[in-house]
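Raw contents of query-v1.cif, mmCIF, C-alpha atoms (C1' of nucleotides):
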```
data_model
#
loop_
_atom_site.label_atom_id
_atom_site.label_comp_id
_atom_site.auth_asym_id
_atom_site.auth_seq_id
_atom_site.Cartn_x
_atom_site.Cartn_y
_atom_site.Cartn_z
CA MET A 1356 -1.97 -6.81 31.90
CA LEU A 1357 -2.34 -3.18 30.97
CA ALA A 1358 1.28 -2.37 30.20
CA VAL A 1359 1.34 -1.21 26.60
CA SER A 1360 4.82 -0.98 25.18
CA GLN A 1361 6.00 2.14 23.41
CA LEU A 1362 5.89 2.13 19.65
CA THR A 1363 9.54 3.14 19.50
CA ASP A 1364 10.54 0.09 21.53
CA HIS A 1365 10.04 -2.00 18.43
CA THR A 1366 12.82 -2.42 15.94
CA GLY A 1367 10.13 -3.03 13.35
CA PHE A 1368 8.89 0.51 13.90
CA TRP A 1369 12.22 2.04 12.93
CA LEU A 1370 12.65 -0.38 10.09
CA ARG A 1371 9.26 0.55 8.67
CA MET A 1372 9.84 4.26 9.16
CA VAL A 1373 13.14 4.26 7.26
CA SER A 1374 11.93 1.81 4.63
CA ASN A 1375 8.85 3.90 3.91
CA ALA A 1376 10.86 7.08 3.64
CA VAL A 1377 13.31 5.49 1.20
CA SER A 1378 10.50 4.03 -0.90
CA GLN A 1379 8.41 7.17 -0.96
CA GLU A 1380 11.38 9.26 -2.02
CA PHE A 1381 12.11 6.78 -4.78
CA ALA A 1382 8.47 6.81 -5.87
CA ARG A 1383 8.69 10.60 -6.21
CA LYS A 1384 11.84 10.29 -8.31
CA VAL A 1385 10.47 7.73 -10.76
CA ALA A 1386 7.19 9.66 -10.97
CA GLY A 1387 9.29 12.38 -12.55
CA GLN A 1388 9.98 9.88 -15.33
CA GLY A 1389 6.29 9.12 -15.68
CA VAL A 1390 6.29 5.66 -14.11
CA THR A 1391 5.29 4.10 -10.79
CA VAL A 1392 7.54 1.90 -8.67
CA ALA A 1393 5.58 -1.21 -9.67
CA GLU A 1394 6.00 -0.27 -13.33
CA TRP A 1395 9.71 0.18 -12.79
CA ALA A 1396 10.00 -3.23 -11.09
CA PHE A 1397 8.13 -4.75 -14.01
CA MET A 1398 10.40 -3.13 -16.59
CA ARG A 1399 13.56 -4.00 -14.70
CA THR A 1400 12.53 -7.64 -14.50
CA LEU A 1401 11.73 -7.73 -18.20
CA PHE A 1402 15.02 -6.03 -18.99
CA HIS A 1403 16.93 -8.91 -17.48
CA GLN A 1404 14.90 -11.53 -19.31
CA ASP A 1405 12.97 -10.53 -22.37
CA PRO A 1406 10.45 -11.73 -23.38
CA MET A 1407 8.66 -13.16 -20.38
CA SER A 1408 5.19 -14.47 -19.65
CA PRO A 1409 2.81 -12.59 -17.34
CA SER A 1410 2.74 -15.50 -14.92
CA ALA A 1411 6.55 -15.60 -14.68
CA LEU A 1412 6.48 -11.86 -13.95
CA ALA A 1413 3.83 -12.39 -11.31
CA SER A 1414 5.86 -15.03 -9.56
CA LEU A 1415 9.09 -13.01 -9.66
CA MET A 1416 7.41 -9.82 -8.51
CA GLY A 1417 5.29 -11.41 -5.80
CA MET A 1418 2.07 -10.05 -7.27
CA THR A 1419 -1.10 -11.76 -8.44
CA LYS A 1420 -1.61 -12.43 -12.11
CA GLY A 1421 -4.59 -10.07 -11.97
CA ALA A 1422 -2.34 -7.23 -10.84
CA ILE A 1423 0.22 -8.07 -13.55
CA SER A 1424 -2.49 -8.09 -16.17
CA LYS A 1425 -3.54 -4.56 -15.27
CA LEU A 1426 0.03 -3.36 -14.82
CA ALA A 1427 0.78 -4.66 -18.33
CA ASP A 1428 -2.24 -2.75 -19.66
CA ARG A 1429 -0.85 0.48 -18.26
CA LEU A 1430 2.66 -0.10 -19.60
CA LEU A 1431 1.17 -1.03 -22.94
CA ALA A 1432 -0.79 2.22 -22.98
CA LYS A 1433 2.43 4.11 -22.25
CA GLY A 1434 4.16 2.36 -25.13
CA LEU A 1435 6.83 0.86 -22.89
CA ILE A 1436 6.07 -2.80 -23.54
CA ILE A 1437 4.36 -4.95 -26.17
CA ARG A 1438 2.20 -7.99 -25.65
CA THR A 1439 2.25 -10.78 -28.25
CA GLU A 1440 0.54 -14.12 -28.50
CA THR A 1441 2.60 -17.27 -28.72
CA PRO A 1442 1.99 -19.71 -31.55
CA GLU A 1443 2.88 -22.83 -29.50
CA ASP A 1444 0.37 -22.18 -26.73
CA ARG A 1445 -2.56 -20.03 -27.67
CA ARG A 1446 -3.35 -19.25 -24.02
CA ALA A 1447 0.07 -17.81 -23.28
CA HIS A 1448 1.31 -14.28 -23.91
CA ARG A 1449 4.77 -12.88 -24.10
CA LEU A 1450 5.65 -9.47 -22.77
CA SER A 1451 8.56 -7.54 -24.12
CA LEU A 1452 10.05 -4.07 -23.72
CA THR A 1453 9.73 -1.66 -26.63
CA ALA A 1454 12.78 0.32 -27.71
CA GLU A 1455 11.45 3.18 -25.63
CA GLY A 1456 11.01 0.87 -22.66
CA LYS A 1457 14.51 -0.53 -23.02
CA ALA A 1458 15.96 2.96 -23.21
CA LYS A 1459 14.18 4.00 -20.04
CA VAL A 1460 15.54 1.22 -17.84
CA PRO A 1461 19.09 2.57 -17.39
CA VAL A 1462 17.67 6.02 -16.62
CA LEU A 1463 15.45 4.59 -13.91
CA ALA A 1464 18.26 2.36 -12.64
CA ALA A 1465 20.39 5.46 -12.19
CA LEU A 1466 17.59 6.99 -10.10
CA ALA A 1467 17.54 3.84 -7.98
CA ASP A 1468 21.29 4.10 -7.46
CA ASP A 1469 20.99 7.78 -6.57
CA ASN A 1470 18.25 7.09 -4.11
CA ASP A 1471 20.11 4.32 -2.34
CA ASN A 1472 23.17 6.51 -2.14
CA ALA A 1473 21.26 9.49 -0.84
CA TYR A 1474 19.99 7.45 2.08
CA PHE A 1475 22.76 5.01 2.87
CA GLY A 1476 25.75 6.86 1.49
CA THR A 1477 25.75 9.01 4.59
CA LEU A 1478 26.54 6.01 6.79
CA ALA A 1479 30.08 5.17 7.81
CA LYS A 1480 31.26 2.31 5.61
CA GLU A 1481 31.39 -0.14 8.50
CA ASP A 1482 27.86 0.80 9.57
CA HIS A 1483 26.62 0.39 6.04
CA ASP A 1484 28.25 -3.03 5.74
CA MET A 1485 26.87 -4.04 9.10
CA LEU A 1486 23.35 -2.94 8.16
CA ARG A 1487 23.47 -4.88 4.89
CA ARG A 1488 24.84 -7.95 6.61
CA ILE A 1489 22.14 -7.95 9.29
CA LEU A 1490 19.30 -7.31 6.84
CA LYS A 1491 20.52 -10.03 4.52
CA ALA A 1492 20.77 -12.43 7.44
CA LEU A 1493 17.21 -11.61 8.49
CA ALA A 1494 15.98 -12.11 4.93
CA GLU A 1495 17.79 -15.42 4.57
CA ASN A 1496 16.63 -16.60 7.99
CA ARG A 1497 13.09 -16.23 6.83
CA GLY A 1498 13.68 -17.62 3.38
CA LEU A 1499 12.53 -14.35 1.82
CA LYS A 1500 13.08 -14.31 -1.89
CA VAL A 1501 10.30 -12.32 -3.48
CA MET A 1502 10.95 -8.85 -4.77
CA PRO A 1503 9.49 -6.19 -2.46
CA VAL A 1504 7.38 -4.03 -4.74
CA ASP A 1505 4.66 -2.46 -2.65
CA MET B 446 25.25 3.93 -20.39
CA LEU B 447 23.68 0.53 -20.38
CA ALA B 448 25.04 -0.78 -17.10
CA VAL B 449 22.02 -1.59 -14.95
CA SER B 450 22.91 -2.35 -11.36
CA GLN B 451 21.60 -5.47 -9.66
CA LEU B 452 18.56 -5.08 -7.47
CA THR B 453 20.36 -6.77 -4.60
CA ASP B 454 23.15 -4.18 -4.73
CA HIS B 455 20.80 -1.74 -3.06
CA THR B 456 20.53 -1.63 0.69
CA GLY B 457 17.03 -0.26 0.19
CA PHE B 458 16.07 -3.54 -1.45
CA TRP B 459 16.96 -5.58 1.63
CA LEU B 460 15.42 -3.03 3.91
CA ARG B 461 12.14 -3.16 2.01
CA MET B 462 12.16 -6.91 1.82
CA VAL B 463 12.57 -7.38 5.56
CA SER B 464 10.25 -4.51 6.44
CA ASN B 465 7.48 -5.89 4.24
CA ALA B 466 7.85 -9.36 5.70
CA VAL B 467 7.64 -8.02 9.26
CA SER B 468 4.62 -5.86 8.44
CA GLN B 469 2.75 -8.54 6.55
CA GLU B 470 3.25 -11.02 9.34
CA PHE B 471 1.96 -8.48 11.83
CA ALA B 472 -1.02 -7.71 9.60
CA ARG B 473 -1.89 -11.41 9.64
CA LYS B 474 -1.64 -11.51 13.42
CA VAL B 475 -3.89 -8.52 14.06
CA ALA B 476 -6.34 -9.77 11.42
CA GLY B 477 -6.87 -12.67 13.80
CA GLN B 478 -8.20 -10.07 16.25
CA GLY B 479 -10.48 -8.58 13.63
CA VAL B 480 -8.58 -5.36 13.00
CA THR B 481 -6.25 -3.97 10.35
CA VAL B 482 -2.85 -2.46 11.02
CA ALA B 483 -4.19 1.05 10.38
CA GLU B 484 -7.01 0.42 12.84
CA TRP B 485 -4.48 -0.77 15.39
CA ALA B 486 -2.33 2.33 14.91
CA PHE B 487 -5.43 4.47 15.34
CA MET B 488 -6.44 2.69 18.56
CA ARG B 489 -2.96 2.76 19.99
CA THR B 490 -2.71 6.49 19.38
CA LEU B 491 -6.07 7.11 21.00
CA PHE B 492 -5.11 4.90 23.92
CA HIS B 493 -2.24 7.20 24.78
CA GLN B 494 -4.36 10.34 24.50
CA ASP B 495 -8.09 10.03 24.76
CA PRO B 496 -10.14 11.78 23.49
CA MET B 497 -8.55 13.22 20.40
CA SER B 498 -9.76 15.09 17.33
CA PRO B 499 -9.68 13.46 13.88
CA SER B 500 -7.27 16.09 12.62
CA ALA B 501 -4.84 15.43 15.48
CA LEU B 502 -4.99 11.73 14.65
CA ALA B 503 -4.36 12.48 10.99
CA SER B 504 -1.31 14.51 11.78
CA LEU B 505 0.13 11.93 14.20
CA MET B 506 -0.55 9.02 11.89
CA GLY B 507 0.65 10.70 8.72
CA MET B 508 -2.64 10.13 6.94
CA THR B 509 -5.09 12.50 5.32
CA LYS B 510 -8.16 13.63 7.20
CA GLY B 511 -10.24 11.86 4.57
CA ALA B 512 -8.59 8.56 5.39
CA ILE B 513 -9.07 9.16 9.13
CA SER B 514 -12.72 9.95 8.59
CA LYS B 515 -13.33 6.61 6.88
CA LEU B 516 -11.09 4.71 9.30
CA ALA B 517 -13.14 6.17 12.16
CA ASP B 518 -16.35 5.02 10.41
CA ARG B 519 -15.05 1.46 10.35
CA LEU B 520 -13.93 1.49 13.99
CA LEU B 521 -17.25 3.01 14.93
CA ALA B 522 -19.06 0.20 13.12
CA LYS B 523 -16.95 -2.31 15.04
CA GLY B 524 -17.87 -0.65 18.31
CA LEU B 525 -14.26 0.09 19.19
CA ILE B 526 -14.53 3.89 19.33
CA ILE B 527 -17.19 6.54 19.77
CA ARG B 528 -17.48 9.89 18.03
CA THR B 529 -18.95 12.84 19.92
CA GLU B 530 -19.54 16.46 19.04
CA THR B 531 -17.92 19.18 21.05
CA PRO B 532 -20.04 21.98 22.51
CA GLU B 533 -17.30 24.65 22.27
CA ASP B 534 -16.72 24.24 18.57
CA ARG B 535 -19.60 22.78 16.62
CA ARG B 536 -17.35 21.78 13.71
CA ALA B 537 -15.02 19.67 15.83
CA HIS B 538 -15.45 16.05 16.86
CA ARG B 539 -13.83 14.03 19.58
CA LEU B 540 -12.89 10.41 19.13
CA SER B 541 -12.62 8.09 22.09
CA LEU B 542 -12.10 4.38 22.70
CA THR B 543 -15.04 2.38 23.99
CA ALA B 544 -14.49 -0.03 26.87
CA GLU B 545 -14.18 -2.79 24.30
CA GLY B 546 -11.66 -0.75 22.36
CA LYS B 547 -9.62 0.01 25.47
CA ALA B 548 -9.58 -3.65 26.40
CA LYS B 549 -8.33 -4.65 22.98
CA VAL B 550 -5.27 -2.41 22.97
CA PRO B 551 -3.11 -4.45 25.37
CA VAL B 552 -3.98 -7.63 23.46
CA LEU B 553 -2.87 -6.07 20.20
CA ALA B 554 0.20 -4.56 21.85
CA ALA B 555 1.20 -8.04 22.97
CA LEU B 556 0.92 -9.22 19.37
CA ALA B 557 3.18 -6.34 18.32
CA ASP B 558 5.72 -7.36 20.95
CA ASP B 559 5.55 -10.98 19.81
CA ASN B 560 6.02 -10.03 16.22
CA ASP B 561 9.03 -7.87 16.89
CA ASN B 562 10.54 -10.60 18.97
CA ALA B 563 9.90 -13.27 16.40
CA TYR B 564 11.86 -11.32 13.83
CA PHE B 565 14.56 -9.56 15.76
CA GLY B 566 14.86 -11.81 18.79
CA THR B 567 16.90 -14.20 16.68
CA LEU B 568 19.66 -11.64 16.27
CA ALA B 569 22.70 -11.60 18.53
CA LYS B 570 22.19 -8.82 21.07
CA GLU B 571 25.00 -6.72 19.66
CA ASP B 572 23.63 -7.06 16.14
CA HIS B 573 20.19 -6.09 17.33
CA ASP B 574 21.55 -3.04 19.13
CA MET B 575 23.60 -2.10 16.11
CA LEU B 576 20.60 -2.40 13.80
CA ARG B 577 18.46 -0.22 16.05
CA ARG B 578 21.22 2.35 16.38
CA ILE B 579 21.76 2.61 12.62
CA LEU B 580 18.05 2.76 11.80
CA LYS B 581 17.45 5.41 14.43
CA ALA B 582 20.35 7.43 13.09
CA LEU B 583 18.95 7.21 9.56
CA ALA B 584 15.53 8.28 10.79
CA GLU B 585 16.92 11.19 12.76
CA ASN B 586 19.18 12.26 9.90
CA ARG B 587 16.13 12.67 7.75
CA GLY B 588 14.00 14.24 10.43
CA LEU B 589 11.48 11.43 10.15
CA LYS B 590 8.86 11.63 12.82
CA VAL B 591 5.60 10.37 11.37
CA MET B 592 4.27 6.99 12.34
CA PRO B 593 4.74 4.47 9.55
CA VAL B 594 1.30 2.97 9.06
CA ASP B 595 1.07 1.71 5.49
"C1'" DG C 242 -22.95 43.41 12.48
"C1'" DT C 243 -21.24 41.75 8.09
"C1'" DC C 244 -18.02 39.68 5.27
"C1'" DC C 245 -13.88 37.07 4.23
"C1'" DT C 246 -11.03 33.68 5.22
"C1'" DA C 247 -9.43 29.80 7.88
"C1'" DT C 248 -10.55 25.46 9.93
"C1'" DG C 249 -12.85 20.73 10.96
"C1'" DG C 250 -14.82 17.15 8.91
"C1'" DT C 251 -17.22 14.40 5.12
"C1'" DT C 252 -17.82 12.91 0.54
"C1'" DG C 253 -16.94 11.55 -4.30
"C1'" DA C 254 -13.84 10.44 -8.00
"C1'" DC C 255 -9.83 8.00 -8.75
"C1'" DT C 256 -5.81 4.67 -8.10
"C1'" DA C 257 -3.70 0.21 -7.16
"C1'" DG C 258 -3.84 -4.10 -5.53
"C1'" DG C 259 -6.02 -8.96 -3.91
"C1'" DA C 260 -9.47 -12.75 -4.31
"C1'" DA C 261 -12.27 -15.29 -6.88
"C1'" DA C 262 -15.10 -16.10 -10.93
"C1'" DC C 263 -14.66 -16.65 -15.62
"C1'" DT C 264 -12.93 -17.83 -20.58
"C1'" DA C 265 -9.93 -20.19 -23.48
"C1'" DT C 266 -6.79 -23.64 -24.29
"C1'" DC C 267 -3.85 -27.46 -23.36
"C1'" DT C 268 -2.74 -32.23 -21.69
"C1'" DG C 269 -3.05 -36.76 -19.98
"C1'" DG C 270 -5.96 -40.91 -18.92
"C1'" DT C 271 -8.88 -43.99 -20.72
"C1'" DA D 34 -11.26 -39.39 -29.82
"C1'" DC D 35 -12.99 -37.69 -25.71
"C1'" DC D 36 -13.46 -35.77 -21.37
"C1'" DA D 37 -11.57 -34.17 -16.85
"C1'" DG D 38 -8.61 -31.52 -14.82
"C1'" DA D 39 -4.85 -28.16 -15.00
"C1'" DT D 40 -3.06 -23.85 -16.66
"C1'" DA D 41 -2.81 -18.84 -18.79
"C1'" DG D 42 -4.87 -14.52 -18.65
"C1'" DT D 43 -8.69 -11.32 -17.97
"C1'" DT D 44 -12.33 -9.36 -15.55
"C1'" DT D 45 -15.29 -8.13 -11.63
"C1'" DC D 46 -15.92 -6.88 -7.05
"C1'" DC D 47 -13.94 -5.36 -2.91
"C1'" DT D 48 -10.73 -2.74 0.20
"C1'" DA D 49 -8.05 1.22 1.56
"C1'" DG D 50 -5.77 4.92 0.56
"C1'" DT D 51 -5.13 10.10 -1.83
"C1'" DC D 52 -6.80 14.43 -3.61
"C1'" DA D 53 -9.93 17.88 -4.27
"C1'" DA D 54 -14.52 19.67 -3.85
"C1'" DC D 55 -17.68 20.54 -0.56
"C1'" DC D 56 -20.48 22.00 3.83
"C1'" DA D 57 -20.67 23.99 8.25
"C1'" DT D 58 -18.85 26.85 11.67
"C1'" DA D 59 -15.55 29.97 13.78
"C1'" DG D 60 -13.14 34.24 14.21
"C1'" DG D 61 -11.08 38.49 12.83
"C1'" DA D 62 -11.13 43.12 10.01
"C1'" DC D 63 -13.56 46.78 9.24
#
```

Translate this structure into structure tokens?
Amino acid sequence: MLAVSQLTDHTGFWLRMVSNAVSQEFARKVAGQGVTVAEWAFMRTLFHQDPMSPSALASLMGMTKGAISKLADRLLAKGLIIRTETPEDRRAHRLSLTAEGKAKVPVLAALADDNDNAYFGTLAKEDHDMLRRILKALAENRGLKVMPVD
Amino acid sequence: MLAVSQLTDHTGFWLRMVSNAVSQEFARKVAGQGVTVAEWAFMRTLFHQDPMSPSALASLMGMTKGAISKLADRLLAKGLIIRTETPEDRRAHRLSLTAEGKAKVPVLAALADDNDNAYFGTLAKEDHDMLRRILKALAENRGLKVMPVD
DNA sequence: GTCCTATGGTTGACTAGGAAACTATCTGGT
DNA sequence: ACCAGATAGTTTCCTAGTCAACCATAGGAC
């Protein structure tokens, strides 16, 4: 059959379009603070449990340990985290925010709040609630639990 | 202020989570047909207007001309498109689907339909309609018009 | 007709991630 | 005690984008 559906027939198309716009705008905002979105996700995760091992980070962030290793290198170079060895297990490392890193998290969190508001604050409250409810249901349906970083 | 909002407080978080899951699942499906999502978007665009210049593709797909140039190289290597010079303007090229490329589009389009259905077909009709309406409104609010490829 | 600039496309340097190979260390079975 | 996996991280190679420099050609000003 040669019938090719329109792109805009797909709900996934609109979802992706809006999601990309929200993410790209956020990326621009955090870039103003000298960090990438992945770096922000890393710092936020550490902020809530500090210290943490690279592999725990990888699992929470849905990234490979290779990616985490390099991400940690960059944050280290920026002075936002420190990496220490553990005496109990000489293979393991512990990652921890520096004072500078800790101080940056609330600033970035405020940008995240702003960004969400800028996009979804324009919706009527009932539409916003509806949207959240449906998205959450879709996520739970699928058993999604990993942080969306990319 | 040290209050750092929860990740899950943000609608953008849920949006990204679902959007990524839908896209990654689709990427897996088209990979089974030997193409990437970007290649599919390229072919679909060409299918609806053939031939087309690389720069027109770039503009429609929201990618740089550099990316389109390399994408075209890959599709060329796979025998899915051809690249011809134009006599009127010796700088310009024209890209066109091969017979094989043309034949592949409906197959891939069916996968896109399947994927959308698999995710959103589970919603109650009124929820699905609501979701589409809200997403479209958000997109139009922001004047979004570029195809979300990434 | 000759420049000067705009345009179409390609290429190279760079970024960020995944997959898999690799190194070091730990742990459990014997 | 030893060795065979298992586990923690790093590194290398690959892919797929962007950005900016580049080359070729077109087209207009004069």

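For chain C, the residues close to chain B, meaning within 9 Å and counting only C-alpha atoms (C1' of nucleotides), are C:DT248, C:DG249, C:DG250, C:DT251, C:DT252.
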
With the file shown as input, list the residues that the PyMOL selection byres ((chain B and resi 558-573) around 8) selects, as a list in words. Ser1360, His1365, Thr1366, Gly1367, Ile1489 and Leu1493 of chain A; Val467, Glu470, Phe471, Ala554, Ala555, Leu556, Ala557, Asp574, Met575, Leu576 and Arg577 of chain B

Suppose a student applies the PyMOL selection byres ((chain D) within 9 of (chain B)) to this structure; what residues should they get, written as number ranges by chain? D: 49-51, 57-59

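What separates atom C1' of DG42 of chain D from atom CA of Lys1500 of chain A is a distance of 24.6 Å.
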
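Our summary of the geometry notes that atom C1' of DA254 of chain C is positioned 28.5 Å from atom CA of Thr529 of chain B.
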
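Compared by their closest atoms to chain B, and using only C-alpha atoms, the residues A:Gln1388, A:Ala1432, A:Glu1443, A:Arg1399 rank with A:Arg1399 nearest.
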
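Atom pair atom CA of Val1501 of chain A / atom CA of Ala1376 of chain A: separated by 20.7 Å.
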
Which neighbours of Ala1494 of chain A fall inside 9 Å, counting all atoms listed in the file, when residues of the same chain fewer than 3 positions from it are skipped, and could you give them as number ranges by chain? A: 1489-1491, 1497-1500; B: 459, 462-463, 466

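Checking B:Met506, B:Leu540, B:Val475, B:Val449 one by one against chain A, counting only C-alpha atoms, you find the shortest gap at B:Val449.
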
Result set of the PyMOL selection byres ((chain C and resi 244) around 12) on the coordinates above, as JSON, numbers by chain: {"C": [242, 243, 245, 246], "D": [60, 61, 62, 63]}

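Nearest to chain A of all the residues B:Ala448, B:Leu491, B:Ala544, B:Val482 is B:Ala448, based on all atoms listed in the file.
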
Identify, on the basis of all atoms listed in the file, every residue whose closest approach to DC35 of chain D does not exceed 12 Å; exclude the query and any residue fewer than 2 positions from it along the same chain; express the result as a PyMOL selection string. (chain C and resi 269-271) or (chain D and resi 37)

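Residue nearest chain A within the list B:Thr490, B:Gln451, B:Ser464, B:Thr481: B:Ser464 [criterion: smallest interatomic distance, all atoms listed in the file].
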
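The smallest atom-to-atom distance between Arg539 of chain B and any of B:Met592, B:Ala501, B:Val480, B:Met488, using all atoms listed in the file, is found for B:Ala501.
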